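Some notes on the structure that comes next.
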Amino acid sequence: MKLKQAIVITGAGQRIGLALAQHLIQQRPHPIVFTYRSLKPGVEQLLAAGAVGFQVDFNHPDAVKHLMPKLTEQVGSLRALIHNASLWWPDSAPDALQKQFDVHVRAPYELNQACLPLLQACQSEQKDIISISDARVSQGHPSKIAYLATKAALENMTLSFAQAFAPDVKVNAIAPALLTFHPQDSAAYRQARLDRLLLPMEPGAQVLCHAVDYLLDNPYTTGTILPLDGGSRLVGQRLDK
Ligand SMILES: NC(=O)c1ccc[n+]([C@@H]2O[C@H](COP(=O)([O-])OP(=O)(O)OC[C@H]3O[C@@H](n4cnc5c(N)ncnc54)[C@H](OP(=O)(O)O)[C@@H]3O)[C@@H](O)[C@H]2O)c1
């Protein structure tokens, strides 16, 4: 018996993707299917919680081609596809542009097309594709040029796929600013990041889970890039109080 109305999340082995998968397992009736690149404790936790995992490296040129037969063997229909997998590399890293393009553009592009029949097969009234982008896309960054350019392409694909797949499937993106620090982030770096927010806090994965819930539940929203940014886009615009 194939899984019906499943939700697929890419890159769910750690941090935000892991928290989102755990949230959806707890809050939704849908089977949770996830991809992971490396075997980590988070992968074991999701498998133990009943999720179905597929090991995929989206930097492999045939990653989606190899994934789809395995996915369709176990999954009969999709309620949602969530593009969370991400590489956050500086431009000085080897092949930074190509590697991040593979993960942020090529894989979502191919997955959206390959998964459309599974989304259309879903009996649920609403079907969703949700991409996790980054609030810095609208501002740029001097050492994350490739990261932000490829996230910008992901946002742009959201507009086109929303038109291509309407009215069957809603297609949206979420553009977060700071969600969680990395353990190795220095106190000075943390303060600098907080200074770039109107709401200076490390909100954690929960706010992203809320944003995903909103998009999954709202029948009238497609083709949007939802800011989840603590007001970061307005810092510098504010007149002295
Ligand atoms: N955390 C934040 O504050 C923040 C802020 C703005 C936007 N975001 C966005 O939110 C999402 C989650 O962020 P995060 O901090 O949880 O990211 P993360 O810790 O870097 O995790 C990204 C996940 O993507 C997977 N991945 C990377 N390259 C891959 C590849 N080639 N093939 C398959 N999977 C691959 C990683 O697999 P491995 O486990 O094997 O490394 C990892 O599990 C990302 O889209 C990110 O851009 C996060």
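Order determines the names: the first chain of the structure tokens is A, the second B, and so forth; residues in each chain are numbered 1 upward, and ligands are numbered 1 upward as they are shown.
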### Query
Could you pull the residues within 8 Å of A:Phe54, counting only C-alpha atoms, minus those fewer than 6 positions along the same chain, as a PyMOL selection string?
chain A and resi 33-36+67
### Message
Within 8 Å of ligand 1 (counting only C-alpha atoms and all ligand atoms), which residues show up? I'd like them as a PyMOL selection string.
### Response
chain A and resi 10-18+35-40+55-60+83-88+99-100+102-103+131-136+151+175-182+204-205
### For atom CA of A:Ser77 and atom CA of A:Gln120, the interatomic separation in Å (one decimal)
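Spanning atom CA of A:Ser77 to atom CA of A:Gln120 is a straight-line distance of 7.6 Å.
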### Task
as number ranges by chain, please: all residues of stretch 1-205 of chain A that backbone DSSP puts in strand (DSSP E).
A: 6-9, 32-36, 52-55, 78-83, 128-132, 170-176
#### Entry: Nearest candidate to A:Val171 (options A:Ala49, A:Leu159, A:Ala192, A:Val8; using only C-alpha atoms)
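Selected residue with least distance to A:Val171: A:Leu159.
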### Pick from A:Ile130, A:Leu199, A:Leu111, A:Leu78 nearest to A:Leu226, counting only C-alpha atoms
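Closest to A:Leu226 of all the choices is A:Ile130.
Closest approach to A:Leu148 among A:Ile9, A:Ala96, A:Ala19, A:Leu215: A:Ala96, based on only C-alpha atoms.
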### Message
DSSP on the backbone: which residues in stretch 12-240 of chain A end up as helix (DSSP H, G or I)? Give the answer as JSON, numbers by chain.
### Response
{"A": [15, 16, 17, 18, 19, 20, 21, 22, 23, 24, 25, 26, 27, 41, 42, 43, 44, 45, 46, 47, 48, 63, 64, 65, 66, 67, 68, 69, 70, 71, 72, 73, 74, 96, 97, 98, 99, 100, 101, 102, 103, 104, 105, 106, 107, 108, 109, 110, 111, 112, 113, 114, 115, 116, 117, 118, 119, 120, 135, 136, 137, 138, 145, 146, 147, 148, 149, 150, 151, 152, 153, 154, 155, 156, 157, 158, 159, 160, 161, 162, 163, 164, 165, 187, 188, 189, 190, 191, 192, 193, 194, 195, 206, 207, 208, 209, 210, 211, 212, 213, 214, 215, 216, 217, 232, 233, 234]}
### Task
For A:Cys122, list every protein, DNA or RNA residue within 10 Å, evaluated using only C-alpha atoms, and leave out those in the same chain fewer than 2 positions away; present the list as an MDAnalysis selection string.
chainID A and resid 4:6 76:80 117:120 124:127 168
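Picture a line from atom CA of A:Asp195 to atom CA of A:Glu155; it runs 25.6 Å.
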#### Entry: Which of A:Val212, A:Met1, A:Ala149, A:Leu47 sits closest to A:Ile129 [using only C-alpha atoms]
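Using only C-alpha atoms, the shortest distance to A:Ile129 belongs to A:Val212.
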### Summary
Closest of A:Asn112, A:Gly223, A:Glu73, A:Pro61 to A:Lys170, counting only C-alpha atoms, is A:Gly223
